[in-house]
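Data from protein06.pdb: PDB, C-alpha atoms
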```
ATOM      1  CA  GLY E  23      25.690  21.950 -23.674
ATOM      2  CA  LEU E  24      23.423  19.095 -22.598
ATOM      3  CA  ARG E  25      23.334  20.198 -18.946
ATOM      4  CA  ARG E  26      22.119  23.651 -19.937
ATOM      5  CA  GLN E  27      19.461  22.154 -22.222
ATOM      6  CA  LEU E  28      18.162  19.967 -19.381
ATOM      7  CA  GLU E  29      18.239  22.521 -16.583
ATOM      8  CA  GLY E  30      14.855  23.913 -17.533
ATOM      9  CA  GLU E  31      13.303  20.439 -17.347
ATOM     10  CA  VAL E  32      14.642  19.275 -13.982
ATOM     11  CA  HIS E  33      11.960  19.197 -11.311
ATOM     12  CA  HIS E  34      12.585  18.761  -7.597
ATOM     13  CA  VAL E  35       9.870  16.471  -6.291
ATOM     14  CA  VAL E  36       9.102  14.600  -3.105
ATOM     15  CA  VAL E  37       8.152  11.131  -4.235
ATOM     16  CA  ASP E  38       5.187   9.386  -2.690
ATOM     17  CA  ASP E  39       6.107   5.819  -1.781
ATOM     18  CA  ALA E  40       2.644   4.477  -2.609
ATOM     19  CA  ALA E  41       3.567   1.385  -4.564
ATOM     20  CA  PRO E  42       1.005  -1.409  -4.890
ATOM     21  CA  GLY E  43       0.810  -4.304  -2.482
ATOM     22  CA  ARG E  44       1.825  -2.701   0.796
ATOM     23  CA  GLN E  45      -0.125  -2.430   4.034
ATOM     24  CA  GLY E  46      -1.796   0.798   5.104
ATOM     25  CA  CYS E  47      -1.232   3.420   2.414
ATOM     26  CA  GLY E  48       0.220   0.964  -0.079
ATOM     27  CA  GLU E  49       3.664   2.448   0.591
ATOM     28  CA  HIS E  50       6.931   1.178  -0.852
ATOM     29  CA  ASP E  51       9.866   1.979   1.407
ATOM     30  CA  ALA E  52      13.078  -0.038   1.132
ATOM     31  CA  SER E  53      14.322   1.337   4.441
ATOM     32  CA  ASN E  54      11.189   0.021   6.218
ATOM     33  CA  ASP E  55      10.526   3.511   7.548
ATOM     34  CA  ARG E  56       6.922   4.058   6.525
ATOM     35  CA  ASN E  57       7.020   7.729   7.437
ATOM     36  CA  GLN E  58      10.061   8.540   5.327
ATOM     37  CA  ALA E  59       9.655  10.290   1.989
ATOM     38  CA  HIS E  60      12.450  10.424  -0.539
ATOM     39  CA  GLU E  61      13.620  13.337  -2.644
ATOM     40  CA  TYR E  62      14.552  12.838  -6.282
ATOM     41  CA  PHE E  63      15.556  15.012  -9.202
ATOM     42  CA  LEU E  64      13.649  13.703 -12.201
ATOM     43  CA  LEU E  65      13.794  14.776 -15.826
ATOM     44  CA  ARG E  66      10.044  15.048 -16.321
ATOM     45  CA  GLU E  67       7.159  17.436 -16.121
ATOM     46  CA  PRO E  68       5.420  17.565 -12.728
ATOM     47  CA  PRO E  69       2.125  15.631 -12.716
ATOM     48  CA  ALA E  70      -1.033  17.579 -13.393
ATOM     49  CA  GLY E  71      -2.968  18.228 -10.218
ATOM     50  CA  PHE E  72      -5.799  20.138  -8.606
ATOM     51  CA  ALA E  73      -6.268  22.270  -5.526
ATOM     52  CA  PRO E  74      -8.585  20.787  -2.875
ATOM     53  CA  THR E  75     -12.196  21.783  -3.512
ATOM     54  CA  ALA E  76     -13.658  24.420  -1.235
ATOM     55  CA  GLY E  77     -17.347  23.738  -0.751
ATOM     56  CA  GLN E  78     -19.359  21.359  -2.900
ATOM     57  CA  ALA E  79     -18.465  19.381  -6.020
ATOM     58  CA  VAL E  80     -18.690  21.423  -9.217
ATOM     59  CA  GLY E  81     -19.548  20.782 -12.838
ATOM     60  CA  VAL E  82     -16.838  20.137 -15.407
ATOM     61  CA  VAL E  83     -16.517  21.947 -18.728
ATOM     62  CA  GLY E  84     -17.068  19.500 -21.559
ATOM     63  CA  GLN E  85     -18.796  16.928 -19.356
ATOM     64  CA  PRO E  86     -22.539  16.117 -19.171
ATOM     65  CA  PRO E  87     -24.470  18.348 -16.740
ATOM     66  CA  ASP E  88     -24.969  15.543 -14.226
ATOM     67  CA  VAL E  89     -21.209  14.902 -13.893
ATOM     68  CA  VAL E  90     -19.430  16.811 -11.122
ATOM     69  CA  GLN E  91     -15.850  16.858  -9.862
ATOM     70  CA  TYR E  92     -14.281  17.073  -6.421
ATOM     71  CA  THR E  93     -10.701  17.167  -5.128
ATOM     72  CA  ILE E  94     -10.202  15.985  -1.558
ATOM     73  CA  ASP E  95      -7.050  16.508   0.494
ATOM     74  CA  ALA E  96      -6.000  12.975   1.472
ATOM     75  CA  ARG E  97      -2.309  13.750   2.051
ATOM     76  CA  SER E  98      -2.207  12.521   5.650
ATOM     77  CA  ARG E  99      -0.545   9.142   6.127
ATOM     78  CA  LYS E 100      -2.475   8.635   9.377
ATOM     79  CA  ASP E 101      -5.916  10.228   9.216
ATOM     80  CA  TRP E 102      -8.764   9.276   6.905
ATOM     81  CA  VAL E 103     -10.913  11.892   5.180
ATOM     82  CA  TYR E 104     -14.548  11.242   4.327
ATOM     83  CA  PHE E 105     -16.864  12.198   1.460
ATOM     84  CA  ASN E 106     -20.657  12.241   1.357
ATOM     85  CA  PHE E 107     -22.049  12.064  -2.188
ATOM     86  CA  ALA E 108     -25.530  13.316  -1.297
ATOM     87  CA  ARG E 109     -23.958  16.483   0.138
ATOM     88  CA  GLY E 110     -21.341  16.677  -2.585
ATOM     89  CA  ALA E 111     -18.663  17.519  -0.041
ATOM     90  CA  ALA E 112     -16.195  16.212   2.513
ATOM     91  CA  VAL E 113     -17.568  15.650   5.996
ATOM     92  CA  SER E 114     -15.958  15.592   9.422
ATOM     93  CA  THR E 115     -16.916  12.250  10.929
ATOM     94  CA  SER E 116     -15.598   8.825  11.953
ATOM     95  CA  GLN E 117     -15.496   5.378  10.359
ATOM     96  CA  ASP E 118     -18.215   3.967  12.605
ATOM     97  CA  ALA E 119     -20.681   6.683  11.570
ATOM     98  CA  LEU E 120     -23.247   6.404   8.770
ATOM     99  CA  ASP E 121     -22.898   9.894   7.290
ATOM    100  CA  TRP E 122     -20.100   9.135   4.805
ATOM    101  CA  ASP E 123     -19.778   7.079   1.617
ATOM    102  CA  LEU E 124     -16.106   7.082   0.568
ATOM    103  CA  ALA E 125     -13.072   7.245   2.875
ATOM    104  CA  LEU E 126      -9.644   8.204   1.519
ATOM    105  CA  ARG E 127      -6.094   8.192   2.864
ATOM    106  CA  ARG E 128      -3.367   8.627   0.258
ATOM    107  CA  THR E 129      -4.092   5.859  -2.281
ATOM    108  CA  ASP E 130      -6.291   3.851   0.101
ATOM    109  CA  LEU E 131     -10.059   3.850  -0.375
ATOM    110  CA  LEU E 132     -12.854   2.433   1.777
ATOM    111  CA  THR E 133     -16.616   2.213   1.492
ATOM    112  CA  ASN E 134     -19.057   2.394   4.383
ATOM    113  CA  SER E 135     -19.486  -1.372   4.604
ATOM    114  CA  GLY E 136     -18.222  -4.721   5.800
ATOM    115  CA  ASP E 137     -15.143  -4.770   8.021
ATOM    116  CA  THR E 138     -14.949  -0.972   7.914
ATOM    117  CA  ASN E 139     -18.451  -0.491   9.306
ATOM    118  CA  SER E 140     -20.804  -3.457   9.569
ATOM    119  CA  ARG E 141     -23.800  -1.110   9.825
ATOM    120  CA  GLY E 142     -23.092   0.582   6.490
ATOM    121  CA  GLN E 143     -24.839  -0.382   3.261
ATOM    122  CA  GLY E 144     -21.915   0.540   1.009
ATOM    123  CA  GLY E 145     -19.943  -1.493  -1.501
ATOM    124  CA  ALA E 146     -18.367  -1.108  -4.932
ATOM    125  CA  VAL E 147     -18.151  -2.719  -8.370
ATOM    126  CA  ASP E 148     -15.332  -2.195 -10.890
ATOM    127  CA  LEU E 149     -16.978  -1.528 -14.268
ATOM    128  CA  ASP E 150     -13.612  -1.468 -16.065
ATOM    129  CA  GLU E 151     -12.868   1.150 -18.760
ATOM    130  CA  VAL E 152     -16.467   2.130 -19.482
ATOM    131  CA  PRO E 153     -16.709   5.946 -19.879
ATOM    132  CA  LEU E 154     -18.452   7.586 -16.946
ATOM    133  CA  ASP E 155     -21.228   9.058 -19.099
ATOM    134  CA  GLU E 156     -21.953   5.641 -20.657
ATOM    135  CA  ALA E 157     -21.854   3.541 -17.486
ATOM    136  CA  VAL E 158     -25.025   1.960 -16.147
ATOM    137  CA  VAL E 159     -25.842   0.879 -12.626
ATOM    138  CA  PRO E 160     -25.246  -2.870 -12.181
ATOM    139  CA  GLY E 161     -27.934  -4.978 -10.613
ATOM    140  CA  GLY E 162     -25.541  -6.692  -8.218
ATOM    141  CA  GLY E 163     -21.961  -7.723  -7.592
ATOM    142  CA  TYR E 164     -21.148  -5.031  -5.033
ATOM    143  CA  LEU E 165     -18.131  -5.926  -2.902
ATOM    144  CA  GLN E 166     -17.963  -4.844   0.716
ATOM    145  CA  ASP E 167     -14.801  -3.973   2.636
ATOM    146  CA  VAL E 168     -12.710  -6.894   3.862
ATOM    147  CA  THR E 169      -9.492  -7.339   5.836
ATOM    148  CA  HIS E 170      -6.481  -8.405   3.776
ATOM    149  CA  ASP E 171      -3.750 -10.311   5.626
ATOM    150  CA  GLU E 172      -1.002  -7.884   4.529
ATOM    151  CA  ARG E 173      -2.728  -4.672   3.435
ATOM    152  CA  GLY E 174      -5.330  -4.400   6.171
ATOM    153  CA  ILE E 175      -8.909  -3.272   5.520
ATOM    154  CA  GLU E 176      -9.658  -2.510   1.883
ATOM    155  CA  ASN E 177     -12.394  -2.660  -0.707
ATOM    156  CA  PRO E 178     -11.529  -5.358  -3.293
ATOM    157  CA  ALA E 179     -13.134  -3.401  -6.135
ATOM    158  CA  LEU E 180     -11.347  -0.115  -5.376
ATOM    159  CA  HIS E 181      -7.875  -0.951  -4.059
ATOM    160  CA  LYS E 182      -6.359  -1.222  -7.565
ATOM    161  CA  TRP E 183      -7.762   2.046  -8.907
ATOM    162  CA  TYR E 184      -4.324   3.343  -9.926
ATOM    163  CA  ASN E 185      -1.132   2.444 -11.792
ATOM    164  CA  TYR E 186       2.281   2.972 -10.206
ATOM    165  CA  ASP E 187       5.273   3.709 -12.456
ATOM    166  CA  TRP E 188       8.384   2.232 -10.831
ATOM    167  CA  THR E 189      10.665   4.392 -12.989
ATOM    168  CA  SER E 190       9.108   7.812 -12.461
ATOM    169  CA  HIS E 191       7.326   6.929  -9.162
ATOM    170  CA  ILE E 192       4.194   8.577 -10.548
ATOM    171  CA  ILE E 193       0.681   7.369  -9.768
ATOM    172  CA  THR E 194      -1.958   7.598 -12.495
ATOM    173  CA  SER E 195      -5.596   6.564 -12.552
ATOM    174  CA  LYS E 196      -6.528   3.422 -14.460
ATOM    175  CA  ASN E 197      -9.507   5.443 -15.718
ATOM    176  CA  HIS E 198     -11.939   2.748 -14.691
ATOM    177  CA  THR E 199     -15.498   3.618 -13.747
ATOM    178  CA  TYR E 200     -16.899   2.248 -10.492
ATOM    179  CA  ALA E 201     -20.396   1.817  -9.142
ATOM    180  CA  LEU E 202     -20.420   2.676  -5.457
ATOM    181  CA  LYS E 203     -23.255   2.177  -3.015
ATOM    182  CA  THR E 204     -23.668   5.002  -0.559
ATOM    183  CA  ASN E 205     -24.314   4.609   3.154
ATOM    184  CA  THR E 206     -28.048   4.708   2.374
ATOM    185  CA  GLY E 207     -27.887   2.101  -0.401
ATOM    186  CA  GLU E 208     -28.188   4.520  -3.328
ATOM    187  CA  VAL E 209     -25.656   4.387  -6.169
ATOM    188  CA  VAL E 210     -22.936   6.671  -7.494
ATOM    189  CA  LEU E 211     -20.955   6.126 -10.682
ATOM    190  CA  LEU E 212     -17.452   7.551 -10.358
ATOM    191  CA  THR E 213     -13.994   7.633 -11.910
ATOM    192  CA  PHE E 214     -10.678   8.918 -10.587
ATOM    193  CA  VAL E 215      -8.894  11.725 -12.408
ATOM    194  CA  SER E 216      -5.714  12.593 -10.515
ATOM    195  CA  TYR E 217      -3.704  11.851  -7.378
ATOM    196  CA  TYR E 218      -1.820  15.151  -7.253
ATOM    197  CA  CYS E 219      -2.316  18.596  -5.786
ATOM    198  CA  ASP E 220      -1.982  21.805  -7.779
ATOM    199  CA  ASP E 221       1.620  22.201  -6.548
ATOM    200  CA  GLY E 222       2.557  18.711  -7.790
ATOM    201  CA  SER E 223       2.620  17.087  -4.347
ATOM    202  CA  PRO E 224       0.846  13.707  -3.968
ATOM    203  CA  GLY E 225      -2.316  12.997  -2.018
ATOM    204  CA  CYS E 226      -5.014  15.263  -3.471
ATOM    205  CA  VAL E 227      -7.447  12.763  -4.988
ATOM    206  CA  THR E 228      -9.668  14.162  -7.738
ATOM    207  CA  PHE E 229     -12.717  12.206  -8.864
ATOM    208  CA  ARG E 230     -15.739  12.768 -11.077
ATOM    209  CA  TYR E 231     -19.105  11.206 -10.415
ATOM    210  CA  ARG E 232     -22.773  10.926 -11.297
ATOM    211  CA  TYR E 233     -25.081  10.616  -8.324
ATOM    212  CA  VAL E 234     -27.808   8.125  -9.323
ATOM    213  CA  GLN E 235     -30.634   8.719  -6.880
ATOM    214  CA  ASP E 236     -33.246   6.615  -8.605
ATOM    215  CA  ARG E 237     -32.215   3.109  -9.630
TER     216      ARG E 237
END
```
What is this structure when it is put down as structure tokens?
Amino acid sequence: GLRRQLEGEVHHVVVDDAAPGRQGCGEHDASNDRNQAHEYFLLREPPAGFAPTAGQAVGVVGQPPDVVQYTIDARSRKDWVYFNFARGAAVSTSQDALDWDLALRRTDLLTNSGDTNSRGQGGAVDLDEVPLDEAVVPGGGYLQDVTHDERGIENPALHKWYNYDWTSHIITSKNHTYALKTNTGEVVLLTFVSYYCDDGSPGCVTFRYRYVQDR
């Protein structure tokens, strides 16, 4: 009966505890064990996801030619991964270096600026729900990274880039567009597409962007 009808829709998932308002990765863990994941059986389709990009960012079918997409593997709860927009690829580096523009770790995002790296020229502006292909570079208002009393270092414009569903425990992009200053002071317009890998596991962050070299 009903059980048989539902069997084909039951998905075994490992839920990411990345609820808003928590320190580090924004994790929600009632047991206070930040390294513990929880297994659930949910009656839902697994979230759409993407495999980590091998090589450089690529164009997207149906998008303007200057819009490219990249999926970065940010599944580690400890280590940051770094992206350089001029190269269109992830780079192996450190936070105190100047060769990266966006740092990611699970849902956490940093720019090369402020309390993250005082030598960096980065920063970000939340342009709200403006479509990526219609967004324009703002003349100012870029926020640098700061240290929050509970959440640690964050960028105020980027730390709320997603919605968290407390029922399904699924993270979805708010579909905002952001203006981000690179480590050299140039500007990228970007939006976040997905937080999931191609196998449905959390932590593969997919974003689309336009690299604006001339302001």
Please work out which residues fall within 10 Å of (-14.5, 24.2, -1.0), coordinates as given in the file, with only C-alpha atoms counting, and return them as a ChimeraX atom specification. /E:73-80,92-94,111-112
Might you pull out every residue within 9 Å of Asn106 (chain E), with only C-alpha atoms counted and same-chain residues fewer than 3 positions away left off, and present them as a compact mmCIF listing (two decimals) with C-alpha atoms, keeping the file's coordinate frame?
```txt
# COMPACT_ATOMS: atom_id res chain seq x y z
CA ARG E 109 -23.96 16.48 0.14
CA GLY E 110 -21.34 16.68 -2.58
CA ALA E 111 -18.66 17.52 -0.04
CA ALA E 112 -16.20 16.21 2.51
CA VAL E 113 -17.57 15.65 6.00
CA ASP E 121 -22.90 9.89 7.29
CA TRP E 122 -20.10 9.14 4.80
CA ASP E 123 -19.78 7.08 1.62
CA LEU E 124 -16.11 7.08 0.57
CA THR E 204 -23.67 5.00 -0.56
CA ASN E 205 -24.31 4.61 3.15
```
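Between Thr199 (chain E) and the candidates E:Gln85, E:Thr169, E:Thr213, E:Ser116, the tightest atom-to-atom separation, counting only C-alpha atoms, involves E:Thr213.
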Name the residues in contact with Leu211 (chain E) at a cut-off of 12 Å, using all atoms listed in the file, excluding same-chain residues fewer than 3 positions from it; report them as a PyMOL selection string. chain E and resi 88-91+107+145-150+152-160+198-204+208+214+229-235+237
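If only C-alpha atoms are the atoms counted, then among E:Val168, E:Ala179, E:Val227, E:Val215 the closest residue to Tyr104 (chain E) is E:Val227.
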